[in-house]
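**Student:** One file is attached below, entry_1.cif, containing mmCIF, C-alpha atoms and all ligand atoms.
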```cif
data_target
#
loop_
_atom_site.label_atom_id
_atom_site.label_comp_id
_atom_site.auth_asym_id
_atom_site.auth_seq_id
_atom_site.Cartn_x
_atom_site.Cartn_y
_atom_site.Cartn_z
CA MET A 26 19.40 -90.97 -169.40
CA GLY A 27 19.27 -87.26 -170.27
CA LEU A 28 18.33 -85.58 -173.51
CA PRO A 29 20.84 -85.61 -176.39
CA VAL A 30 22.72 -82.36 -176.96
CA GLU A 31 21.05 -81.96 -180.38
CA TRP A 32 17.65 -81.76 -178.69
CA LEU A 33 18.90 -79.21 -176.19
CA VAL A 34 20.10 -77.02 -179.05
CA ASN A 35 17.49 -77.56 -181.71
CA HIS A 36 14.23 -78.01 -179.83
CA VAL A 37 13.11 -74.41 -180.20
CA GLY A 38 9.66 -74.73 -181.62
CA GLY A 39 10.89 -76.84 -184.54
CA SER A 40 13.48 -74.44 -185.96
CA VAL A 41 17.23 -75.05 -186.03
CA VAL A 42 19.31 -71.99 -185.16
CA GLN A 43 22.98 -71.11 -185.63
CA ALA A 44 25.39 -68.95 -183.64
CA VAL A 45 26.72 -66.00 -185.65
CA ASP A 46 30.09 -65.03 -184.19
CA VAL A 47 31.35 -68.36 -182.93
CA GLU A 48 34.73 -67.33 -181.45
CA GLU A 49 33.47 -64.26 -179.54
CA ASP A 50 30.34 -66.12 -178.49
CA ARG A 51 32.32 -69.09 -177.17
CA ALA A 52 34.71 -66.87 -175.19
CA MET A 53 31.84 -65.03 -173.48
CA MET A 54 29.85 -68.21 -172.89
CA LEU A 55 32.89 -69.81 -171.18
CA GLU A 56 32.81 -66.83 -168.76
CA ALA A 57 29.15 -67.55 -168.09
CA ILE A 58 29.97 -71.25 -167.50
CA SER A 59 32.66 -70.25 -164.96
CA ALA A 60 30.16 -68.01 -163.15
CA ALA A 61 27.67 -70.89 -163.00
CA ALA A 62 30.33 -73.21 -161.51
CA THR A 63 30.70 -70.93 -158.47
CA VAL A 64 27.08 -71.56 -157.39
CA ARG A 65 26.91 -75.31 -158.19
CA SER A 66 25.90 -76.40 -154.69
CA GLN A 67 23.61 -73.45 -153.83
CA THR A 68 20.71 -73.38 -156.27
CA ALA A 69 18.86 -76.73 -156.36
CA PRO A 70 16.15 -77.48 -157.24
CA ASN A 71 16.83 -74.56 -159.58
CA PRO A 72 19.56 -74.90 -162.22
CA TRP A 73 23.02 -73.38 -161.65
CA VAL A 74 23.13 -70.84 -164.47
CA GLY A 75 25.65 -68.18 -165.47
CA CYS A 76 25.03 -64.97 -167.41
CA VAL A 77 27.33 -62.33 -168.92
CA ILE A 78 26.00 -59.02 -170.27
CA VAL A 79 28.39 -57.43 -172.78
CA PRO A 80 27.50 -53.74 -173.43
CA SER A 81 27.96 -52.28 -176.90
CA GLY A 82 30.52 -49.60 -175.89
CA ASP A 83 33.58 -49.75 -173.62
CA GLU A 84 31.56 -50.43 -170.48
CA PRO A 85 32.68 -53.50 -168.50
CA ALA A 86 30.80 -56.78 -168.85
CA ALA A 87 28.48 -57.73 -165.98
CA LEU A 88 28.42 -61.26 -164.57
CA GLY A 89 25.58 -63.02 -162.78
CA ALA A 90 24.97 -66.49 -161.37
CA THR A 91 21.80 -68.04 -159.93
CA GLN A 92 21.26 -67.22 -156.25
CA PRO A 93 19.73 -69.69 -153.74
CA PRO A 94 16.00 -70.45 -154.26
CA GLY A 95 13.90 -67.28 -153.98
CA GLY A 96 16.95 -65.12 -154.85
CA LEU A 97 17.84 -63.55 -158.19
CA HIS A 98 18.30 -65.66 -161.31
CA ALA A 99 21.58 -65.24 -163.21
CA GLU A 100 20.07 -62.91 -165.85
CA ALA A 101 18.46 -60.64 -163.24
CA MET A 102 21.70 -60.43 -161.26
CA ALA A 103 23.76 -59.52 -164.36
CA LEU A 104 21.12 -57.00 -165.51
CA ASP A 105 21.14 -55.35 -162.05
CA LEU A 106 24.93 -54.99 -162.27
CA ALA A 107 24.86 -53.74 -165.87
CA GLY A 108 22.17 -51.12 -165.15
CA PRO A 109 21.52 -48.82 -168.15
CA THR A 110 24.49 -50.27 -170.07
CA ALA A 111 22.30 -53.35 -170.76
CA ALA A 112 20.43 -51.37 -173.45
CA GLY A 113 21.81 -52.55 -176.79
CA ALA A 114 24.02 -55.18 -175.09
CA VAL A 115 24.49 -58.88 -175.88
CA ALA A 116 23.44 -61.28 -173.10
CA TYR A 117 25.12 -64.69 -172.83
CA VAL A 118 23.23 -67.18 -170.70
CA THR A 119 24.03 -70.87 -170.24
CA LEU A 120 20.36 -71.99 -170.08
CA GLU A 121 17.29 -70.68 -171.89
CA PRO A 122 15.77 -67.78 -169.88
CA CYS A 123 12.52 -68.65 -168.10
CA CYS A 124 9.26 -67.10 -169.27
CA HIS A 125 6.91 -68.06 -166.43
CA HIS A 126 6.27 -66.58 -163.00
CA GLY A 127 7.84 -68.78 -160.31
CA ARG A 128 9.32 -67.46 -157.08
CA THR A 129 10.86 -64.68 -159.23
CA PRO A 130 9.54 -62.82 -162.34
CA PRO A 131 10.36 -64.19 -165.83
CA CYS A 132 13.95 -63.55 -166.96
CA ALA A 133 12.91 -63.26 -170.62
CA ASP A 134 10.74 -60.25 -169.65
CA ALA A 135 13.64 -58.68 -167.73
CA LEU A 136 15.95 -59.02 -170.77
CA ILE A 137 13.30 -57.47 -173.03
CA ALA A 138 12.64 -54.60 -170.58
CA ALA A 139 16.38 -53.88 -170.31
CA GLY A 140 16.59 -53.49 -174.09
CA VAL A 141 19.29 -56.07 -174.89
CA ARG A 142 19.71 -56.46 -178.66
CA ARG A 143 20.84 -60.10 -178.79
CA VAL A 144 20.64 -63.13 -176.48
CA VAL A 145 23.06 -66.05 -176.87
CA ILE A 146 21.87 -69.24 -175.16
CA GLY A 147 23.78 -72.43 -174.40
CA VAL A 148 20.99 -75.02 -174.20
CA VAL A 149 17.21 -75.15 -174.28
CA ASP A 150 15.55 -75.66 -170.88
CA PRO A 151 13.70 -79.02 -170.96
CA ASP A 152 11.49 -77.99 -168.03
CA PRO A 153 7.93 -78.29 -169.40
CA GLN A 154 7.23 -74.72 -168.22
CA VAL A 155 9.97 -73.38 -170.54
CA ARG A 156 10.96 -75.74 -173.45
CA GLY A 157 11.57 -73.14 -176.16
CA GLN A 158 8.94 -70.70 -174.93
CA GLY A 159 11.56 -68.35 -173.45
CA ILE A 160 13.28 -68.24 -176.84
CA ALA A 161 10.01 -67.68 -178.69
CA HIS A 162 9.12 -64.88 -176.28
CA LEU A 163 12.47 -63.10 -176.87
CA ARG A 164 12.15 -63.45 -180.65
CA ALA A 165 8.58 -62.17 -180.61
CA ALA A 166 9.96 -59.03 -178.93
CA GLY A 167 12.35 -58.54 -181.88
CA ILE A 168 15.50 -59.76 -180.08
CA GLU A 169 18.02 -61.77 -182.09
CA VAL A 170 18.51 -65.16 -180.39
CA SER A 171 21.31 -67.72 -181.01
CA VAL A 172 21.21 -71.16 -179.41
CA GLY A 173 23.83 -73.88 -178.99
CA VAL A 174 27.02 -72.02 -178.05
CA CYS A 175 29.17 -74.32 -175.83
CA ALA A 176 26.25 -76.76 -175.76
CA GLU A 177 28.51 -79.77 -175.03
CA GLU A 178 30.17 -78.09 -172.04
CA ILE A 179 26.86 -76.83 -170.65
CA SER A 180 25.13 -80.19 -171.14
CA GLU A 181 27.90 -81.70 -168.97
CA GLN A 182 27.75 -78.90 -166.37
CA LEU A 183 23.95 -78.98 -166.10
CA ALA A 184 23.55 -82.76 -166.66
CA PRO A 185 21.80 -83.43 -163.31
CA TYR A 186 19.25 -80.64 -163.85
CA LEU A 187 18.65 -81.56 -167.52
CA LYS A 188 18.05 -85.20 -166.60
CA GLN A 189 15.72 -84.46 -163.70
CA ARG A 190 13.61 -82.01 -165.71
CA SER A 191 13.36 -84.30 -168.74
CA THR A 192 12.86 -87.70 -167.01
CA GLY A 193 11.54 -86.79 -163.56
CA ARG A 194 14.36 -88.82 -161.98
CA PRO A 195 17.47 -87.50 -160.21
CA TRP A 196 20.97 -87.76 -161.64
CA VAL A 197 22.56 -90.70 -159.78
CA VAL A 198 26.18 -90.52 -158.60
CA LEU A 199 27.55 -93.74 -157.05
CA LYS A 200 30.45 -93.07 -154.69
CA LEU A 201 32.78 -95.85 -153.61
CA ALA A 202 35.98 -95.87 -151.55
CA ALA A 203 38.11 -98.96 -152.09
CA SER A 204 41.56 -100.40 -151.63
CA LEU A 205 43.63 -100.94 -154.76
CA ASP A 206 42.67 -104.61 -154.60
CA GLY A 207 39.01 -103.63 -154.77
CA ARG A 208 37.87 -104.09 -151.16
CA THR A 209 35.48 -101.70 -149.39
CA ALA A 210 35.32 -103.23 -145.91
CA ALA A 211 37.24 -105.75 -143.81
CA PRO A 212 35.75 -109.18 -142.96
CA ASP A 213 34.68 -107.78 -139.55
CA GLY A 214 32.63 -105.06 -141.34
CA THR A 215 34.94 -102.13 -140.52
CA SER A 216 35.66 -99.72 -143.38
CA GLN A 217 36.72 -96.48 -141.65
CA TRP A 218 38.92 -95.18 -143.04
CA ILE A 219 40.26 -96.67 -146.25
CA THR A 220 41.00 -93.27 -147.83
CA GLY A 221 42.74 -90.18 -146.46
CA PRO A 222 41.38 -86.77 -145.38
CA LEU A 223 41.54 -85.12 -148.83
CA ALA A 224 39.46 -87.86 -150.45
CA ARG A 225 36.99 -87.73 -147.57
CA ALA A 226 36.69 -83.92 -147.86
CA ASP A 227 36.04 -84.34 -151.57
CA ALA A 228 33.29 -86.84 -150.76
CA HIS A 229 31.75 -84.26 -148.41
CA ARG A 230 31.84 -81.71 -151.26
CA LEU A 231 29.95 -84.26 -153.38
CA ARG A 232 27.39 -84.57 -150.56
CA ALA A 233 27.03 -80.77 -150.40
CA GLU A 234 26.25 -80.55 -154.12
CA SER A 235 23.74 -83.41 -153.88
CA ASP A 236 20.14 -82.92 -152.82
CA ALA A 237 19.90 -86.38 -151.28
CA VAL A 238 22.33 -89.03 -150.08
CA LEU A 239 21.31 -92.70 -149.91
CA VAL A 240 22.69 -95.77 -148.14
CA GLY A 241 21.36 -99.24 -147.40
CA ALA A 242 20.26 -100.35 -143.95
CA GLY A 243 23.37 -102.59 -143.84
CA THR A 244 25.64 -99.54 -143.83
CA VAL A 245 23.55 -97.88 -141.11
CA ARG A 246 23.90 -101.03 -138.97
CA ALA A 247 27.64 -101.39 -139.63
CA ASP A 248 28.86 -97.77 -139.54
CA ASP A 249 26.04 -95.68 -138.02
CA PRO A 250 26.96 -92.78 -140.37
CA ALA A 251 25.51 -89.27 -139.86
CA LEU A 252 25.68 -88.52 -143.63
CA THR A 253 25.94 -84.77 -142.95
CA VAL A 254 28.28 -82.29 -144.64
CA ARG A 255 31.25 -81.66 -142.36
CA ASP A 256 34.56 -81.32 -144.23
CA SER A 257 33.13 -78.94 -146.86
CA GLU A 258 30.87 -75.88 -147.12
CA GLY A 259 27.21 -76.47 -147.93
CA ARG A 260 23.88 -77.61 -146.65
CA ASP A 261 23.09 -81.14 -145.47
CA PRO A 262 21.27 -83.20 -148.11
CA LEU A 263 18.06 -85.13 -147.53
CA ARG A 264 19.16 -88.45 -146.01
CA VAL A 265 17.61 -91.60 -147.42
CA VAL A 266 17.96 -95.17 -146.15
CA LEU A 267 16.84 -98.25 -148.09
CA GLY A 268 15.25 -100.58 -145.55
CA HIS A 269 14.59 -100.13 -141.85
CA ILE A 270 16.45 -97.52 -139.79
CA PRO A 271 17.33 -98.82 -136.32
CA ASP A 272 16.21 -96.70 -133.34
CA GLY A 273 18.75 -94.10 -132.28
CA ALA A 274 20.68 -94.21 -135.56
CA ARG A 275 22.73 -91.04 -136.19
CA VAL A 276 21.31 -90.76 -139.71
CA GLN A 277 17.94 -89.60 -138.29
CA PRO A 278 15.95 -87.66 -139.37
CA ALA A 279 16.00 -89.61 -142.62
CA LEU A 280 13.57 -90.85 -145.23
CA GLU A 281 13.00 -94.63 -145.16
CA LEU A 282 12.34 -96.03 -148.63
CA GLY A 283 12.38 -99.50 -150.17
CA GLY A 284 11.31 -101.73 -153.01
CA ASP A 285 11.83 -101.05 -156.71
CA LEU A 286 14.77 -98.72 -157.28
CA GLY A 287 13.14 -97.08 -160.29
CA GLN A 288 10.21 -96.15 -158.07
CA VAL A 289 12.61 -94.90 -155.40
CA LEU A 290 14.11 -92.57 -158.02
CA ASP A 291 10.65 -91.43 -159.16
CA GLU A 292 9.75 -90.64 -155.56
CA LEU A 293 12.95 -88.66 -155.02
CA GLY A 294 12.49 -86.79 -158.33
CA GLN A 295 9.02 -85.75 -157.16
CA ARG A 296 10.64 -84.42 -154.00
CA ASP A 297 12.78 -82.08 -156.15
CA VAL A 298 15.94 -84.16 -155.75
CA VAL A 299 18.08 -83.14 -158.75
CA GLN A 300 21.22 -85.12 -157.77
CA LEU A 301 21.24 -88.28 -155.65
CA LEU A 302 24.52 -89.49 -154.13
CA VAL A 303 24.48 -93.25 -153.48
CA GLU A 304 27.10 -94.02 -150.83
CA GLY A 305 26.74 -97.78 -150.56
CA GLY A 306 27.28 -100.31 -149.24
CA ALA A 307 28.17 -103.12 -151.59
CA THR A 308 24.62 -104.53 -151.89
CA VAL A 309 23.04 -101.21 -152.75
CA ALA A 310 25.94 -100.30 -155.08
CA HIS A 311 25.47 -103.61 -156.92
CA ASP A 312 21.72 -103.14 -157.28
CA PHE A 313 21.97 -99.60 -158.69
CA HIS A 314 24.80 -100.62 -161.02
CA ARG A 315 23.20 -103.83 -162.32
CA ALA A 316 19.91 -102.02 -162.91
CA GLY A 317 21.75 -99.46 -165.08
CA LEU A 318 20.62 -96.58 -162.88
CA VAL A 319 24.00 -94.91 -162.32
CA ASP A 320 24.90 -91.77 -164.28
CA ARG A 321 28.37 -91.19 -162.75
CA TYR A 322 30.69 -93.40 -160.69
CA VAL A 323 33.13 -91.67 -158.34
CA LEU A 324 35.77 -94.09 -157.06
CA TYR A 325 38.34 -93.15 -154.46
CA LEU A 326 41.17 -95.70 -154.63
CA ALA A 327 43.60 -95.86 -151.71
CA PRO A 328 47.15 -97.33 -151.75
CA VAL A 329 45.90 -100.06 -149.42
CA LEU A 330 45.84 -103.83 -149.98
CA PHE A 331 43.58 -106.11 -147.96
CA GLY A 332 45.54 -108.98 -149.48
CA GLY A 333 42.78 -111.58 -149.63
CA ASP A 334 39.28 -112.27 -150.89
CA ASP A 335 37.49 -112.37 -147.51
CA GLY A 336 36.97 -108.58 -147.31
CA ARG A 337 33.89 -106.92 -148.79
CA ALA A 338 34.13 -106.21 -152.56
CA VAL A 339 32.90 -103.02 -154.25
CA PHE A 340 29.77 -104.85 -155.42
CA ALA A 341 27.93 -107.69 -153.60
CA GLY A 342 26.00 -110.06 -155.84
CA SER A 343 26.49 -111.64 -159.21
CA GLY A 344 28.23 -109.67 -161.94
CA ALA A 345 29.12 -110.13 -165.61
CA ALA A 346 28.98 -113.83 -166.55
CA SER A 347 31.52 -113.48 -169.35
CA MET A 348 33.71 -110.89 -171.02
CA ALA A 349 30.95 -110.17 -173.51
CA ASP A 350 28.84 -108.87 -170.61
CA VAL A 351 31.33 -106.64 -168.78
CA TRP A 352 30.30 -103.05 -168.26
CA ARG A 353 32.62 -100.63 -170.00
CA GLY A 354 32.78 -96.98 -169.11
CA ARG A 355 34.54 -93.79 -170.06
CA MET A 356 37.02 -92.02 -167.76
CA VAL A 357 35.71 -88.49 -167.20
CA SER A 358 38.61 -87.50 -164.92
CA VAL A 359 41.48 -88.96 -162.90
CA GLU A 360 42.91 -86.90 -160.06
CA GLN A 361 45.33 -87.54 -157.20
CA LEU A 362 44.03 -86.47 -153.78
CA GLY A 363 46.91 -86.81 -151.31
CA PRO A 364 47.81 -90.51 -151.30
CA ASP A 365 44.58 -91.52 -153.04
CA VAL A 366 43.28 -91.41 -156.60
CA ARG A 367 39.83 -90.10 -157.54
CA ILE A 368 38.37 -91.55 -160.72
CA GLU A 369 35.15 -90.31 -162.25
CA LEU A 370 33.58 -92.77 -164.66
CA ALA A 371 30.63 -92.34 -166.99
CA PRO A 372 28.65 -94.99 -168.82
CA THR A 373 29.52 -95.00 -172.51
CA GLY A 374 26.98 -93.50 -174.89
CA ALA A 375 25.08 -90.22 -174.71
CA GLY A 376 23.88 -88.87 -171.38
CA GLY A 377 23.97 -91.09 -168.34
CA ALA A 378 22.95 -94.49 -167.11
CA GLN A 379 23.57 -97.72 -169.02
CA THR A 380 22.48 -101.24 -168.11
CA PRO A 381 25.29 -103.83 -167.84
CA GLY A 382 24.80 -107.12 -169.69
CA SER A 383 21.72 -107.80 -171.77
CA SER A 384 19.32 -109.68 -169.53
CA LEU A 385 18.51 -106.93 -167.03
CA THR A 386 15.84 -104.27 -167.16
CA THR A 387 15.97 -100.95 -165.29
CA GLY A 388 14.74 -101.00 -161.72
CA SER A 389 15.43 -103.74 -159.20
CA ALA A 390 13.99 -104.73 -155.87
CA ARG A 391 15.39 -106.58 -152.86
CA SER A 392 13.45 -109.81 -152.37
CA GLY A 393 10.48 -109.63 -150.05
CA LEU A 394 9.89 -105.92 -150.67
CA ALA A 395 7.27 -104.17 -152.74
CA ALA A 396 8.15 -104.14 -156.42
CA ALA A 397 6.49 -102.60 -159.46
N1 LIG B 1 34.00 -98.29 -148.69
C1 LIG B 1 32.84 -97.71 -148.95
O1 LIG B 1 32.75 -96.84 -149.83
C2 LIG B 1 31.65 -98.12 -148.16
C3 LIG B 1 30.49 -97.33 -148.23
C4 LIG B 1 29.38 -97.74 -147.51
C5 LIG B 1 29.42 -98.91 -146.78
N2 LIG B 1 30.55 -99.62 -146.71
C6 LIG B 1 30.60 -100.88 -145.96
O2 LIG B 1 29.67 -101.74 -146.58
C7 LIG B 1 29.16 -102.65 -145.60
C8 LIG B 1 27.65 -102.67 -145.69
O3 LIG B 1 27.29 -103.14 -146.98
P1 LIG B 1 26.05 -104.10 -147.16
O4 LIG B 1 26.10 -104.57 -148.57
O5 LIG B 1 26.03 -105.07 -146.05
O6 LIG B 1 24.84 -103.11 -146.89
P2 LIG B 1 24.10 -102.02 -147.72
O7 LIG B 1 24.26 -102.17 -149.17
O8 LIG B 1 24.44 -100.69 -147.12
O9 LIG B 1 22.62 -102.35 -147.28
C9 LIG B 1 22.00 -103.49 -147.74
C10 LIG B 1 20.69 -103.61 -147.00
O10 LIG B 1 19.88 -102.46 -147.28
C11 LIG B 1 18.53 -102.87 -147.34
N3 LIG B 1 18.08 -102.64 -148.72
C12 LIG B 1 18.85 -102.57 -149.83
N4 LIG B 1 18.10 -102.35 -150.92
C13 LIG B 1 16.83 -102.27 -150.47
C14 LIG B 1 15.60 -102.02 -151.10
N5 LIG B 1 15.51 -101.82 -152.43
N6 LIG B 1 14.49 -102.00 -150.35
C15 LIG B 1 14.56 -102.18 -149.01
N7 LIG B 1 15.70 -102.41 -148.35
C16 LIG B 1 16.82 -102.45 -149.07
C17 LIG B 1 18.50 -104.31 -146.97
O11 LIG B 1 18.36 -104.30 -145.55
P3 LIG B 1 17.80 -105.48 -144.66
O12 LIG B 1 18.96 -106.41 -144.56
O13 LIG B 1 17.46 -104.80 -143.39
O14 LIG B 1 16.66 -106.06 -145.41
C18 LIG B 1 19.87 -104.78 -147.40
O15 LIG B 1 20.30 -105.94 -146.74
C19 LIG B 1 29.65 -102.17 -144.27
O16 LIG B 1 30.71 -102.97 -143.86
C20 LIG B 1 30.13 -100.75 -144.55
O17 LIG B 1 31.18 -100.40 -143.67
C21 LIG B 1 31.67 -99.27 -147.40
#
```
Just give me the structure of the file as structure tokens.
Ligand SMILES: NC(=O)c1ccc[n+]([C@@H]2O[C@H](COP(=O)([O-])OP(=O)(O)OC[C@H]3O[C@@H](n4cnc5c(N)ncnc54)[C@H](OP(=O)(O)O)[C@@H]3O)[C@@H](O)[C@H]2O)c1
**Tutor:**
Amino acid sequence: MGLPVEWLVNHVGGSVVQAVDVEEDRAMMLEAISAAATVRSQTAPNPWVGCVIVPSGDEPAALGATQPPGGLHAEAMALDLAGPTAAGAVAYVTLEPCCHHGRTPPCADALIAAGVRRVVIGVVDPDPQVRGQGIAHLRAAGIEVSVGVCAEEISEQLAPYLKQRSTGRPWVVLKLAASLDGRTAAPDGTSQWITGPLARADAHRLRAESDAVLVGAGTVRADDPALTVRDSEGRDPLRVVLGHIPDGARVQPALELGGDLGQVLDELGQRDVVQLLVEGGATVAHDFHRAGLVDRYVLYLAPVLFGGDDGRAVFAGSGAASMADVWRGRMVSVEQLGPDVRIELAPTGAGGAQTPGSSLTTGSARSGLAAA
């Protein structure tokens, strides 16, 4: 579960702040959000941030977006482009500027040195090294600061980062490909391919924007997947297998983990995994879902019918005992990809993960393995 939007707007050293020119501010912030979207899969473990510098005269606005780790942050990139026109300008930035020395110098200092007169911020950075200090630093330098413009949109765009920095655990996306009658594999264990090439390319894009991809040992034994990014641009994620990896498996090199799923997430969060893509199979999908550890479900549904109940279902294990216990979600998006449909589902309520039913606690362990 991430932080509520109100916290991300108002947690600025105890004071609540307001935007002044809402329409203009929103228009410019939407530009910054679009810039951030272009670098979504390139910046982790850093956040994907956008920045627009709007000079006071007729000079053109300058756009920046976070570069891969070690490269320029969004503010520095936009300031470089703006040059001297940044003096007296308004800077729009989706996330609070940093104020500490990391791999790059603090962005708050760069904005102060450039002489901007006002900084408009989408959301507060929950990273303990920032948390309102960037805002305080700008204000102490006499710069007018407004916080909370397009906060809903930015909280959605940056949800994985905001969750990882505030809870220490990665944002969990559970991906499933199923027939319209809810089957993910045939009785003989084969499941390649239920969906078509467009859905599979989209799943590779999801892999590219994730820092780690996880499957159970059952899927490694059945499918011997490589879990690399092939049908999309981007780097290969860290590969994680729950249980034992057989010798010679194509997934190698991979991290072998097991036991309590909450502890698995803690371990991955410590390894700077901001987004984890869980790719199955049915046992692992069931365990993450029933433990309430999933922040987003991405279902690819193919116009295929297995026509019986002997194929593998989406989830293996016991589910809701009665209608009062069924998990209900919210459709985030529905999209047709060639012959298939892609549905993105979110748990209801603020932020992410929600536990189905009432008798389960977060975290679950396969029997016989170390548990908390
Ligand atoms: N359509 C799809 O989207 C999709 C995606 C992936 C897979 N599949 C299909 O799903 C089938 C495999 O599903 P499955 O349910 O048999 O396997 P699975 O969920 O991939 O793996 C389950 C196994 O992983 C290990 N495991 C799970 N949680 C663990 C934990 N917390 N700690 C340690 N080990 C853990 C256990 O291995 P041990 O048994 O070694 O103890 C467990 O039996 C295959 O037919 C595959 O083709 C379909």
**Student:** When the cut-off is 8 Å and you count all atoms listed in the file, which residues lie near ligand LIG 1 (chain B), shown as JSON, numbers by chain?
**Tutor:** {"A": [200, 201, 202, 203, 208, 209, 210, 211, 213, 214, 215, 216, 217, 219, 240, 241, 242, 243, 244, 245, 246, 247, 248, 266, 267, 268, 269, 282, 283, 284, 285, 286, 304, 305, 306, 307, 308, 309, 310, 311, 312, 337, 339, 340, 341, 389, 390, 391, 394, 395]}
**Student:** Report the distance between atom CA of Ile58 of chain A and atom CA of Val357 of chain A in Å, rounded to one decimal place.
**Tutor:** 18.2 Å
**Student:** When distances are computed from all atoms listed in the file, which of A:Gly96, A:Gly294, A:Pro278, A:Gly140 shows the smallest separation from Asp236 of chain A?
**Tutor:**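 Comparing A:Gly96, A:Gly294, A:Pro278, A:Gly140 against Asp236 of chain A, the winner is A:Gly294.
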**Student:** Hey, what's within 10 Å of Leu106 of chain A if we count only C-alpha atoms and toss same-chain stuff fewer than 2 positions away? As a PyMOL selection string, please?
**Tutor:** chain A and resi 78+86-89+100-104+108-111
**Student:** Can you write out the residues you just picked, keeping C-alpha atoms, as a PDB file, in the frame of the given file?
**Tutor:**
```
ATOM      1  CA  ILE A  78      26.000 -59.020-170.270  1.00  0.00           C
ATOM      2  CA  ALA A  86      30.800 -56.780-168.850  1.00  0.00           C
ATOM      3  CA  ALA A  87      28.480 -57.730-165.980  1.00  0.00           C
ATOM      4  CA  LEU A  88      28.420 -61.260-164.570  1.00  0.00           C
ATOM      5  CA  GLY A  89      25.580 -63.020-162.780  1.00  0.00           C
ATOM      6  CA  GLU A 100      20.070 -62.910-165.850  1.00  0.00           C
ATOM      7  CA  ALA A 101      18.460 -60.640-163.240  1.00  0.00           C
ATOM      8  CA  MET A 102      21.700 -60.430-161.260  1.00  0.00           C
ATOM      9  CA  ALA A 103      23.760 -59.520-164.360  1.00  0.00           C
ATOM     10  CA  LEU A 104      21.120 -57.000-165.510  1.00  0.00           C
ATOM     11  CA  GLY A 108      22.170 -51.120-165.150  1.00  0.00           C
ATOM     12  CA  PRO A 109      21.520 -48.820-168.150  1.00  0.00           C
ATOM     13  CA  THR A 110      24.490 -50.270-170.070  1.00  0.00           C
ATOM     14  CA  ALA A 111      22.300 -53.350-170.760  1.00  0.00           C
TER      15      ALA A 111
END
```
**Student:** Just how far from atom CA of Ser59 of chain A is atom CA of Gly193 of chain A, in Å to one decimal?
**Tutor:**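 One can read the atom CA of Gly193 of chain A to atom CA of Ser59 of chain A distance as 26.9 Å.
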**Student:** Please, what distance in Å, to one decimal, runs between atom CA of Leu370 of chain A and atom CA of Val323 of chain A?
**Tutor:** 6.4 Å
**Student:** Neighbourhood query: residues within 8 Å of (41.6, -88.0, -150.4), file coordinates, counting only C-alpha atoms; return as number ranges by chain.
**Tutor:** A: 220-227, 325, 361-367
**Student:** So that I can check the surroundings of Gly354 of chain A, please list as a ChimeraX atom specification every protein, DNA and RNA residue that reaches within 10 Å of it, counting all atoms listed in the file and ignoring chain neighbours fewer than 2 positions away.
**Tutor:** /A:321-322,351-352,356-357,369-374,379
**Student:** Just the residues within 12 Å of Glu49 of chain A, please, counting all atoms listed in the file, with nothing from its chain fewer than 2 positions along; format it as a list of chain:residue names.
**Tutor:**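 Once the adjacent positions are removed, what remains is A:Ala44, A:Val45, A:Asp46, A:Val47, A:Arg51, A:Ala52, A:Met53, A:Met54, A:Leu55, A:Glu56, A:Val79, A:Val115, A:Tyr117, A:Val145, A:Val174, A:Cys175.
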**Student:** So, with all atoms listed in the file as the atoms that count, which of A:Val198, A:Val144, A:Gln154, A:Asp291 lies closest to Gly173 of chain A?
**Tutor:**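 Closest to Gly173 of chain A of all the choices is A:Val144.
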**Student:** Residues at most 9 Å from Val170 of chain A, counting only C-alpha atoms, excluding those fewer than 2 positions away in the same chain, as a list in words?
**Tutor:**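 What passes the distance filter is Val42, Ala44, Arg142, Arg143, Val144, Val145, Ile146, Ile160, Leu163, Arg164, Ile168 and Val172 of chain A.
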**Student:** Smallest atom-to-atom distance to Ala378 of chain A: which of A:Ala165, A:Val155, A:Ala135, A:Leu199, using all atoms listed in the file?
**Tutor:**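 Smallest separation from Ala378 of chain A among the options: A:Leu199.
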